[in-house]
Amino acid sequence: MKIGRTLLKITIVALLGCSLDGISQRAPDDLNLKERIQPLSPDGIFRDPDYFNWGASIIKGKDEKYHLFYSRWKRKYTFAGWLTFSEIARAVSDSPLGPWEYKETVLKGNGKGHWDEITAHNPKIKYFKGKYYLYYIATNFGGRPYTDQDLIATHGKSLNDTHRRWLRENQRTGVAVSNSIFGPWERTDKPLIEPSGPIGTLTVNPAIALGKDDKYYLIVKGDKPNESRFIRNQAIAISETAIGPFTMQATPVIDNLDTEDISLWYHEKNNTFYAIFHAHTYIGLMASHDGLNWRKAKNYEVTHKKIQLDKGSFLIPDRMERPFVFMENNQPTVLCLAIKEGDDSYTIFVPLKEE
């Protein structure tokens with residue numbers, strides 16, 4: 001009996017030791033972006049008198065400058081022109097907080113006959129294993145002939161309009177690859193992934209990160225299957241390479257509320273994937289230790305639709321979307337947001353206090 005009790009104690013201690021080792025290797029999910037948000041300065045507002053701009057993805061180049069990839073389209077096409085006339089541009093700054101200077105248009109629609117014949121939109125720029133990857137979305141007219149006037153005629157129309165519905169339903173995610181931040185960019189000849197599993201209709205608004213297992217985790221948005229309401233799901237797909245093939249996973253990242261515009265990164269300090277998104281009235285944060293099983297982060301609400309300015313007043317826009325967190329030295333340093341106020345849209349760069 002004494003030997004039995006001794007063996008039992010040894011077994012329990014061993015099991016507790018294993019459990020504690022596992023806990024110690026998994027750092028707590030203690031990232032709190034809300035507490036780090038600092039007031040927005042004038043240099044952190046990037047707008048163009050001739051173009052709507054929307055969204056931001058920043059990367060630091062080998063030239064020690066910061067490169068911003070963003071969507072833009074001519075104001076003459078109205079804000080609805082994002083679906084038909086958006087292009088991806090690059091701007092440069094000495095600081096990730098701006099001010100930013102436009103340098104070039106990087107991608108436009110690829111021309112008739114391609115999956116991405118119309119527009120290039122919602123970019124995410126990444127550097128993986130010696131190459132730059134520019135993830136983006138685009139659409140096409142389903143093989144039908146069209147003119148610019150046909151595209152303009154869809155502006156302001158609802159999804160009941162046949163042409164507008166085609167354009168939406170043909171949206172997919174792709175990638176262009178380059179050895180240099182300055183290009184040239186080589187596009188893949190087909191989309192990275194088609195709708196399946198937790199999402200239907202379309203695959204858009206890509207967010208991607210490289211995990212510590214050397215696999216690539218891609219989040220894309222689509223319509224929630226078997227749902228009569230207009231709700232979008234966020235799905236996760238995995239690949240051995242940055243250009244696919246990606247395998248869609250059965251369990252969604254988010255499927256219980258309508259969300260948009262996820263950005264994704266792997267936080268080495270916490271051994272955690274984070275996905276930041278907007279849910280119309282606020283910016284939220286999801287977390288996962290394995291990239292597959294997601295939950296609300298401990299500090300879930302990042303900010304409501306209100307940003308303090310450095311003069312003490314507040315920016316309270318009509319829309320605040322496309323959140324992106326810029327990481328430097330494994331620290332979140334900038335929160336980028338797309339802003340719509342009346343008939344204007346621009347991007348802001350909010351400083352995040354160091355831990």
# chains A, B, ... in the order shown; residues from 1 in each chain; ligands from 1
call {"tool": "select_by_dssp", "arguments": {"residues": "range 146-325 of chain A", "states": "helix (DSSP H, G or I)", "output": "ChimeraX atom specification"}}
result
/A:148-152,162-169
call {"tool": "write_last_selection", "arguments": {"atoms": "all heavy atoms", "output": "CSV table (one decimal), in the first residue's frame"}}
result
chain,number,residue,atom,x,y,z
A,148,ASP,N,-15.9,50.9,-69.7
A,148,ASP,CA,-15.8,51.7,-68.5
A,148,ASP,C,-17.2,52.3,-68.1
A,148,ASP,O,-17.6,52.4,-66.9
A,148,ASP,CB,-14.8,52.9,-68.6
A,148,ASP,CG,-13.4,52.4,-68.4
A,148,ASP,OD1,-13.2,51.2,-68.1
A,148,ASP,OD2,-12.5,53.2,-68.4
A,149,GLN,N,-18.0,52.6,-69.1
A,149,GLN,CA,-19.3,53.2,-68.9
A,149,GLN,C,-20.2,52.1,-68.2
A,149,GLN,O,-21.1,52.4,-67.4
A,149,GLN,CB,-19.9,53.7,-70.2
A,149,GLN,CG,-19.3,55.0,-70.7
A,149,GLN,CD,-19.3,56.1,-69.6
A,149,GLN,OE1,-20.3,56.3,-69.0
A,149,GLN,NE2,-18.1,56.7,-69.4
A,150,ASP,N,-20.0,50.8,-68.6
A,150,ASP,CA,-20.8,49.8,-68.0
A,150,ASP,C,-20.4,49.7,-66.5
A,150,ASP,O,-21.3,49.4,-65.7
A,150,ASP,CB,-20.5,48.4,-68.7
A,150,ASP,CG,-21.0,48.4,-70.1
A,150,ASP,OD1,-22.1,49.0,-70.4
A,150,ASP,OD2,-20.3,47.8,-71.0
A,151,LEU,N,-19.1,49.8,-66.2
A,151,LEU,CA,-18.7,49.8,-64.8
A,151,LEU,C,-19.2,50.9,-64.0
A,151,LEU,O,-19.7,50.8,-62.9
A,151,LEU,CB,-17.2,49.7,-64.8
A,151,LEU,CG,-16.5,48.5,-65.4
A,151,LEU,CD1,-15.0,48.6,-65.3
A,151,LEU,CD2,-17.0,47.2,-64.9
A,152,ILE,N,-19.2,52.1,-64.6
A,152,ILE,CA,-19.7,53.3,-63.9
A,152,ILE,C,-21.2,53.2,-63.7
A,152,ILE,O,-21.7,53.6,-62.6
A,152,ILE,CB,-19.4,54.6,-64.8
A,152,ILE,CG1,-17.8,54.8,-64.8
A,152,ILE,CG2,-20.1,55.8,-64.3
A,152,ILE,CD1,-17.4,55.9,-65.8
A,162,THR,N,-28.0,43.3,-61.6
A,162,THR,CA,-27.3,42.1,-62.1
A,162,THR,C,-25.8,42.3,-62.2
A,162,THR,O,-25.0,41.5,-61.7
A,162,THR,CB,-27.8,41.6,-63.4
A,162,THR,OG1,-29.2,41.4,-63.3
A,162,THR,CG2,-27.1,40.4,-63.9
A,163,HIS,N,-25.4,43.4,-62.8
A,163,HIS,CA,-23.9,43.6,-63.0
A,163,HIS,C,-23.2,43.8,-61.7
A,163,HIS,O,-22.1,43.3,-61.5
A,163,HIS,CB,-23.7,44.8,-63.9
A,163,HIS,CG,-24.1,44.6,-65.3
A,163,HIS,ND1,-24.2,45.5,-66.3
A,163,HIS,CD2,-24.6,43.4,-66.0
A,163,HIS,CE1,-24.6,45.0,-67.5
A,163,HIS,NE2,-24.8,43.8,-67.2
A,164,ARG,N,-23.8,44.6,-60.8
A,164,ARG,CA,-23.2,44.8,-59.5
A,164,ARG,C,-23.0,43.4,-58.7
A,164,ARG,O,-22.0,43.2,-58.1
A,164,ARG,CB,-24.0,45.7,-58.6
A,164,ARG,CG,-23.4,46.2,-57.3
A,164,ARG,CD,-22.4,47.3,-57.6
A,164,ARG,NE,-21.8,47.8,-56.3
A,164,ARG,CZ,-20.9,48.8,-56.3
A,164,ARG,NH1,-20.4,49.3,-57.4
A,164,ARG,NH2,-20.4,49.2,-55.2
A,165,ARG,N,-24.0,42.6,-58.9
A,165,ARG,CA,-23.9,41.3,-58.2
A,165,ARG,C,-22.8,40.4,-58.8
A,165,ARG,O,-22.1,39.8,-58.1
A,165,ARG,CB,-25.3,40.6,-58.3
A,165,ARG,CG,-25.3,39.3,-57.5
A,165,ARG,CD,-26.7,38.6,-57.5
A,165,ARG,NE,-27.0,38.1,-58.8
A,165,ARG,CZ,-27.9,38.6,-59.6
A,165,ARG,NH1,-28.6,39.7,-59.3
A,165,ARG,NH2,-28.2,38.1,-60.8
A,166,TRP,N,-22.7,40.4,-60.2
A,166,TRP,CA,-21.6,39.7,-60.8
A,166,TRP,C,-20.2,40.2,-60.3
A,166,TRP,O,-19.4,39.4,-59.9
A,166,TRP,CB,-21.6,40.0,-62.3
A,166,TRP,CG,-22.6,39.3,-63.1
A,166,TRP,CD1,-23.4,38.2,-62.7
A,166,TRP,CD2,-23.0,39.6,-64.4
A,166,TRP,NE1,-24.3,37.9,-63.7
A,166,TRP,CE2,-24.1,38.7,-64.8
A,166,TRP,CE3,-22.7,40.5,-65.4
A,166,TRP,CZ2,-24.7,38.7,-66.0
A,166,TRP,CZ3,-23.3,40.6,-66.6
A,166,TRP,CH2,-24.3,39.7,-66.9
A,167,LEU,N,-20.1,41.5,-60.2
A,167,LEU,CA,-18.8,42.0,-59.8
A,167,LEU,C,-18.5,41.6,-58.3
A,167,LEU,O,-17.3,41.3,-58.0
A,167,LEU,CB,-18.8,43.5,-59.9
A,167,LEU,CG,-18.8,44.1,-61.3
A,167,LEU,CD1,-19.1,45.6,-61.2
A,167,LEU,CD2,-17.5,43.9,-62.0
A,168,ARG,N,-19.5,41.6,-57.5
A,168,ARG,CA,-19.2,41.2,-56.1
A,168,ARG,C,-18.9,39.7,-56.0
A,168,ARG,O,-18.0,39.3,-55.4
A,168,ARG,CB,-20.5,41.5,-55.2
A,168,ARG,CG,-20.2,41.0,-53.8
A,168,ARG,CD,-21.4,41.3,-52.9
A,168,ARG,NE,-21.1,41.0,-51.5
A,168,ARG,CZ,-21.3,39.8,-50.9
A,168,ARG,NH1,-21.8,38.8,-51.6
A,168,ARG,NH2,-20.9,39.6,-49.7
A,169,GLU,N,-19.7,38.9,-56.7
A,169,GLU,CA,-19.6,37.4,-56.6
A,169,GLU,C,-18.3,36.9,-57.2
A,169,GLU,O,-17.9,35.8,-56.9
A,169,GLU,CB,-20.8,36.7,-57.2
A,169,GLU,CG,-22.1,37.0,-56.3
A,169,GLU,CD,-23.3,36.4,-56.9
A,169,GLU,OE1,-23.2,35.8,-58.0
A,169,GLU,OE2,-24.4,36.5,-56.3
call {"tool": "residues_around", "arguments": {"residues": "Val177 in chain A", "least_positions_apart": "5", "cutoff": "8 Å", "atoms": "only C-alpha atoms", "output": "mmCIF file with N, CA, C and O atoms, in the first residue's frame"}}
result
data_model
loop_
_atom_site.group_PDB
_atom_site.id
_atom_site.type_symbol
_atom_site.label_atom_id
_atom_site.label_comp_id
_atom_site.auth_asym_id
_atom_site.auth_seq_id
_atom_site.Cartn_x
_atom_site.Cartn_y
_atom_site.Cartn_z
ATOM 1 N N LYS A 131 11.585 37.135 -50.209
ATOM 2 C CA LYS A 131 10.750 37.691 -51.265
ATOM 3 C C LYS A 131 9.608 38.510 -50.662
ATOM 4 O O LYS A 131 9.191 38.282 -49.533
ATOM 5 N N TYR A 132 9.110 39.447 -51.466
ATOM 6 C CA TYR A 132 7.972 40.269 -51.073
ATOM 7 C C TYR A 132 6.711 39.691 -51.714
ATOM 8 O O TYR A 132 6.702 39.326 -52.903
ATOM 9 N N TYR A 133 5.653 39.632 -50.919
ATOM 10 C CA TYR A 133 4.368 39.096 -51.381
ATOM 11 C C TYR A 133 3.297 40.158 -51.161
ATOM 12 O O TYR A 133 3.091 40.613 -50.031
ATOM 13 N N LEU A 134 2.642 40.530 -52.245
ATOM 14 C CA LEU A 134 1.582 41.534 -52.186
ATOM 15 C C LEU A 134 0.237 40.832 -52.416
ATOM 16 O O LEU A 134 -0.122 40.491 -53.548
ATOM 17 N N TRP A 185 6.511 43.121 -60.210
ATOM 18 C CA TRP A 185 5.638 42.189 -59.520
ATOM 19 C C TRP A 185 5.077 41.153 -60.493
ATOM 20 O O TRP A 185 4.539 41.507 -61.539
ATOM 21 N N GLU A 186 5.202 39.906 -60.134
ATOM 22 C CA GLU A 186 4.669 38.812 -60.952
ATOM 23 C C GLU A 186 3.433 38.238 -60.276
ATOM 24 O O GLU A 186 3.502 37.727 -59.159
ATOM 25 N N ARG A 187 2.310 38.309 -60.968
ATOM 26 C CA ARG A 187 1.050 37.827 -60.394
ATOM 27 C C ARG A 187 0.876 36.329 -60.638
ATOM 28 O O ARG A 187 1.346 35.793 -61.635
#
call {"tool": "atom_distance", "arguments": {"atom1": "CA of Glu355 in chain A", "atom2": "CA of His289 in chain A"}}
result
20.8 Å
call {"tool": "closest_atom_pairs", "arguments": {"of": "range 257-295 of chain A", "to": "range 28-36 of chain A", "cutoff": "12 Å", "atoms": "only C-alpha atoms", "output": "Markdown table"}}
result
| residue | atom | partner | partner_atom | distance |
| --- | --- | --- | --- | --- |
| A:His267 | CA | A:Leu31 | CA | 9.3 |
| A:Glu268 | CA | A:Asp29 | CA | 11.3 |
| A:Lys269 | CA | A:Pro28 | CA | 9.4 |
| A:Asn270 | CA | A:Asp29 | CA | 6.2 |
| A:Asn271 | CA | A:Pro28 | CA | 8.5 |
| A:Thr272 | CA | A:Asp29 | CA | 7.3 |
| A:Phe273 | CA | A:Asp29 | CA | 9.8 |
| A:Tyr274 | CA | A:Leu31 | CA | 9.3 |
| A:Ala275 | CA | A:Leu31 | CA | 11.9 |
| A:Ile276 | CA | A:Leu33 | CA | 10.2 |
| A:Tyr282 | CA | A:Lys34 | CA | 11.5 |
| A:Ile283 | CA | A:Lys34 | CA | 9.8 |
| A:Gly284 | CA | A:Lys34 | CA | 10.0 |
| A:Leu285 | CA | A:Leu33 | CA | 9.1 |
| A:Met286 | CA | A:Asp29 | CA | 10.3 |
| A:Ala287 | CA | A:Asp29 | CA | 7.8 |
| A:Ser288 | CA | A:Asp29 | CA | 9.1 |
| A:His289 | CA | A:Asp29 | CA | 9.1 |
| A:Arg295 | CA | A:Asp29 | CA | 10.9 |
call {"tool": "residues_around", "arguments": {"residues": "range 232-234 of chain A", "least_positions_apart": "6", "cutoff": "7 Å", "atoms": "only C-alpha atoms", "output": "CSV table (one decimal) with N, CA and C atoms, in the first residue's frame"}}
result
chain,number,residue,atom,x,y,z
A,198,PRO,N,-16.5,27.1,-44.4
A,198,PRO,CA,-17.3,28.1,-43.6
A,198,PRO,C,-17.7,29.3,-44.4
A,199,ILE,N,-17.2,29.5,-45.7
A,199,ILE,CA,-17.6,30.6,-46.4
A,199,ILE,C,-18.1,30.3,-47.8
A,219,ILE,N,-6.3,34.1,-43.7
A,219,ILE,CA,-7.7,34.3,-43.4
A,219,ILE,C,-8.3,35.1,-44.5
A,220,VAL,N,-9.5,34.6,-45.0
A,220,VAL,CA,-10.2,35.3,-46.0
A,220,VAL,C,-11.7,35.4,-45.6
A,221,LYS,N,-12.4,36.3,-46.1
A,221,LYS,CA,-13.8,36.5,-45.8
A,221,LYS,C,-14.7,36.1,-46.9
A,222,GLY,N,-15.9,35.6,-46.6
A,222,GLY,CA,-16.9,35.2,-47.5
A,222,GLY,C,-18.2,35.3,-46.9
A,223,ASP,N,-19.3,35.0,-47.6
A,223,ASP,CA,-20.6,34.9,-47.0
A,223,ASP,C,-20.8,33.7,-46.2
A,224,LYS,N,-21.6,33.9,-45.1
A,224,LYS,CA,-21.9,32.7,-44.3
A,224,LYS,C,-22.9,31.8,-45.0
A,252,PRO,N,-14.4,28.0,-38.6
A,252,PRO,CA,-14.2,29.4,-39.0
A,252,PRO,C,-13.4,30.2,-37.8
A,253,VAL,N,-12.9,31.3,-38.2
A,253,VAL,CA,-12.3,32.2,-37.2
A,253,VAL,C,-13.4,33.0,-36.5
A,254,ILE,N,-14.3,33.5,-37.3
A,254,ILE,CA,-15.5,34.2,-36.7
A,254,ILE,C,-16.7,33.8,-37.5
A,255,ASP,N,-17.8,33.4,-36.8
A,255,ASP,CA,-19.0,33.1,-37.5
A,255,ASP,C,-20.3,33.5,-36.8
A,258,ASP,N,-21.3,39.8,-37.9
A,258,ASP,CA,-20.9,40.3,-39.2
A,258,ASP,C,-19.6,41.1,-39.0
A,259,THR,N,-18.5,40.7,-39.6
A,259,THR,CA,-17.2,41.3,-39.5
A,259,THR,C,-16.5,41.5,-40.8
call {"tool": "decode", "arguments": {"residues": "range 97-108 of chain A", "atoms": "all heavy atoms", "output": "tab-separated table (two decimals), in the first residue's frame"}}
result
chain	number	residue	atom	x	y	z
A	97	LEU	N	4.54	56.41	-38.89
A	97	LEU	CA	3.42	57.29	-38.54
A	97	LEU	C	3.21	58.39	-39.59
A	97	LEU	O	2.32	59.21	-39.44
A	97	LEU	CB	3.67	57.93	-37.18
A	97	LEU	CG	3.61	56.96	-35.98
A	97	LEU	CD1	4.18	57.62	-34.74
A	97	LEU	CD2	2.19	56.49	-35.74
A	98	GLY	N	4.03	58.41	-40.64
A	98	GLY	CA	3.92	59.44	-41.65
A	98	GLY	C	4.77	60.65	-41.31
A	98	GLY	O	5.50	60.64	-40.31
A	99	PRO	N	4.70	61.70	-42.13
A	99	PRO	CA	3.83	61.86	-43.30
A	99	PRO	C	4.27	60.98	-44.47
A	99	PRO	O	5.45	60.66	-44.60
A	99	PRO	CB	3.98	63.35	-43.64
A	99	PRO	CG	5.35	63.69	-43.16
A	99	PRO	CD	5.56	62.88	-41.91
A	100	TRP	N	3.30	60.65	-45.34
A	100	TRP	CA	3.52	59.74	-46.45
A	100	TRP	C	3.55	60.50	-47.77
A	100	TRP	O	2.80	61.45	-47.97
A	100	TRP	CB	2.43	58.68	-46.50
A	100	TRP	CG	2.43	57.81	-45.29
A	100	TRP	CD1	1.66	57.96	-44.17
A	100	TRP	CD2	3.24	56.65	-45.07
A	100	TRP	NE1	1.94	56.97	-43.26
A	100	TRP	CE2	2.91	56.15	-43.78
A	100	TRP	CE3	4.21	55.99	-45.82
A	100	TRP	CZ2	3.50	55.01	-43.23
A	100	TRP	CZ3	4.81	54.86	-45.27
A	100	TRP	CH2	4.47	54.38	-44.01
A	101	GLU	N	4.39	60.02	-48.68
A	101	GLU	CA	4.50	60.61	-50.02
A	101	GLU	C	4.24	59.52	-51.07
A	101	GLU	O	4.94	58.50	-51.10
A	101	GLU	CB	5.88	61.22	-50.23
A	101	GLU	CG	6.08	61.85	-51.60
A	101	GLU	CD	7.49	62.35	-51.82
A	101	GLU	OE1	8.33	62.23	-50.90
A	101	GLU	OE2	7.75	62.86	-52.93
A	102	TYR	N	3.24	59.76	-51.92
A	102	TYR	CA	2.94	58.81	-53.00
A	102	TYR	C	4.14	58.66	-53.93
A	102	TYR	O	4.77	59.65	-54.31
A	102	TYR	CB	1.73	59.30	-53.80
A	102	TYR	CG	1.54	58.59	-55.12
A	102	TYR	CD1	0.91	57.35	-55.19
A	102	TYR	CD2	2.01	59.16	-56.30
A	102	TYR	CE1	0.74	56.70	-56.41
A	102	TYR	CE2	1.84	58.52	-57.53
A	102	TYR	CZ	1.21	57.29	-57.57
A	102	TYR	OH	1.05	56.64	-58.77
A	103	LYS	N	4.45	57.41	-54.32
A	103	LYS	CA	5.57	57.16	-55.21
A	103	LYS	C	5.15	56.54	-56.54
A	103	LYS	O	5.65	56.91	-57.59
A	103	LYS	CB	6.58	56.24	-54.52
A	103	LYS	CG	7.38	56.91	-53.41
A	103	LYS	CD	8.24	58.03	-53.97
A	103	LYS	CE	9.10	58.67	-52.90
A	103	LYS	NZ	9.90	59.80	-53.43
A	104	GLU	N	4.24	55.57	-56.49
A	104	GLU	CA	3.89	54.88	-57.73
A	104	GLU	C	2.62	54.07	-57.56
A	104	GLU	O	2.22	53.73	-56.44
A	104	GLU	CB	5.02	53.93	-58.15
A	104	GLU	CG	5.26	52.80	-57.15
A	104	GLU	CD	6.25	51.77	-57.64
A	104	GLU	OE1	6.45	51.66	-58.88
A	104	GLU	OE2	6.81	51.04	-56.80
A	105	THR	N	2.00	53.77	-58.68
A	105	THR	CA	0.92	52.79	-58.72
A	105	THR	C	1.54	51.43	-59.00
A	105	THR	O	2.29	51.27	-59.98
A	105	THR	CB	-0.12	53.14	-59.78
A	105	THR	OG1	-0.75	54.37	-59.41
A	105	THR	CG2	-1.17	52.06	-59.91
A	106	VAL	N	1.26	50.47	-58.15
A	106	VAL	CA	1.93	49.16	-58.20
A	106	VAL	C	1.13	48.16	-59.02
A	106	VAL	O	1.67	47.46	-59.87
A	106	VAL	CB	2.14	48.63	-56.77
A	106	VAL	CG1	2.76	47.24	-56.79
A	106	VAL	CG2	3.01	49.58	-55.97
A	107	LEU	N	-0.17	48.08	-58.77
A	107	LEU	CA	-1.03	47.13	-59.49
A	107	LEU	C	-2.34	47.81	-59.88
A	107	LEU	O	-2.91	48.57	-59.10
A	107	LEU	CB	-1.37	45.92	-58.61
A	107	LEU	CG	-0.30	44.87	-58.30
A	107	LEU	CD1	-0.93	43.75	-57.48
A	107	LEU	CD2	0.34	44.32	-59.56
A	108	LYS	N	-2.80	47.48	-61.08
A	108	LYS	CA	-4.15	47.83	-61.54
A	108	LYS	C	-4.84	46.53	-61.96
A	108	LYS	O	-4.25	45.45	-61.89
A	108	LYS	CB	-4.09	48.80	-62.72
A	108	LYS	CG	-3.55	50.18	-62.37
A	108	LYS	CD	-3.67	51.10	-63.58
A	108	LYS	CE	-3.23	52.52	-63.24
A	108	LYS	NZ	-3.41	53.44	-64.39
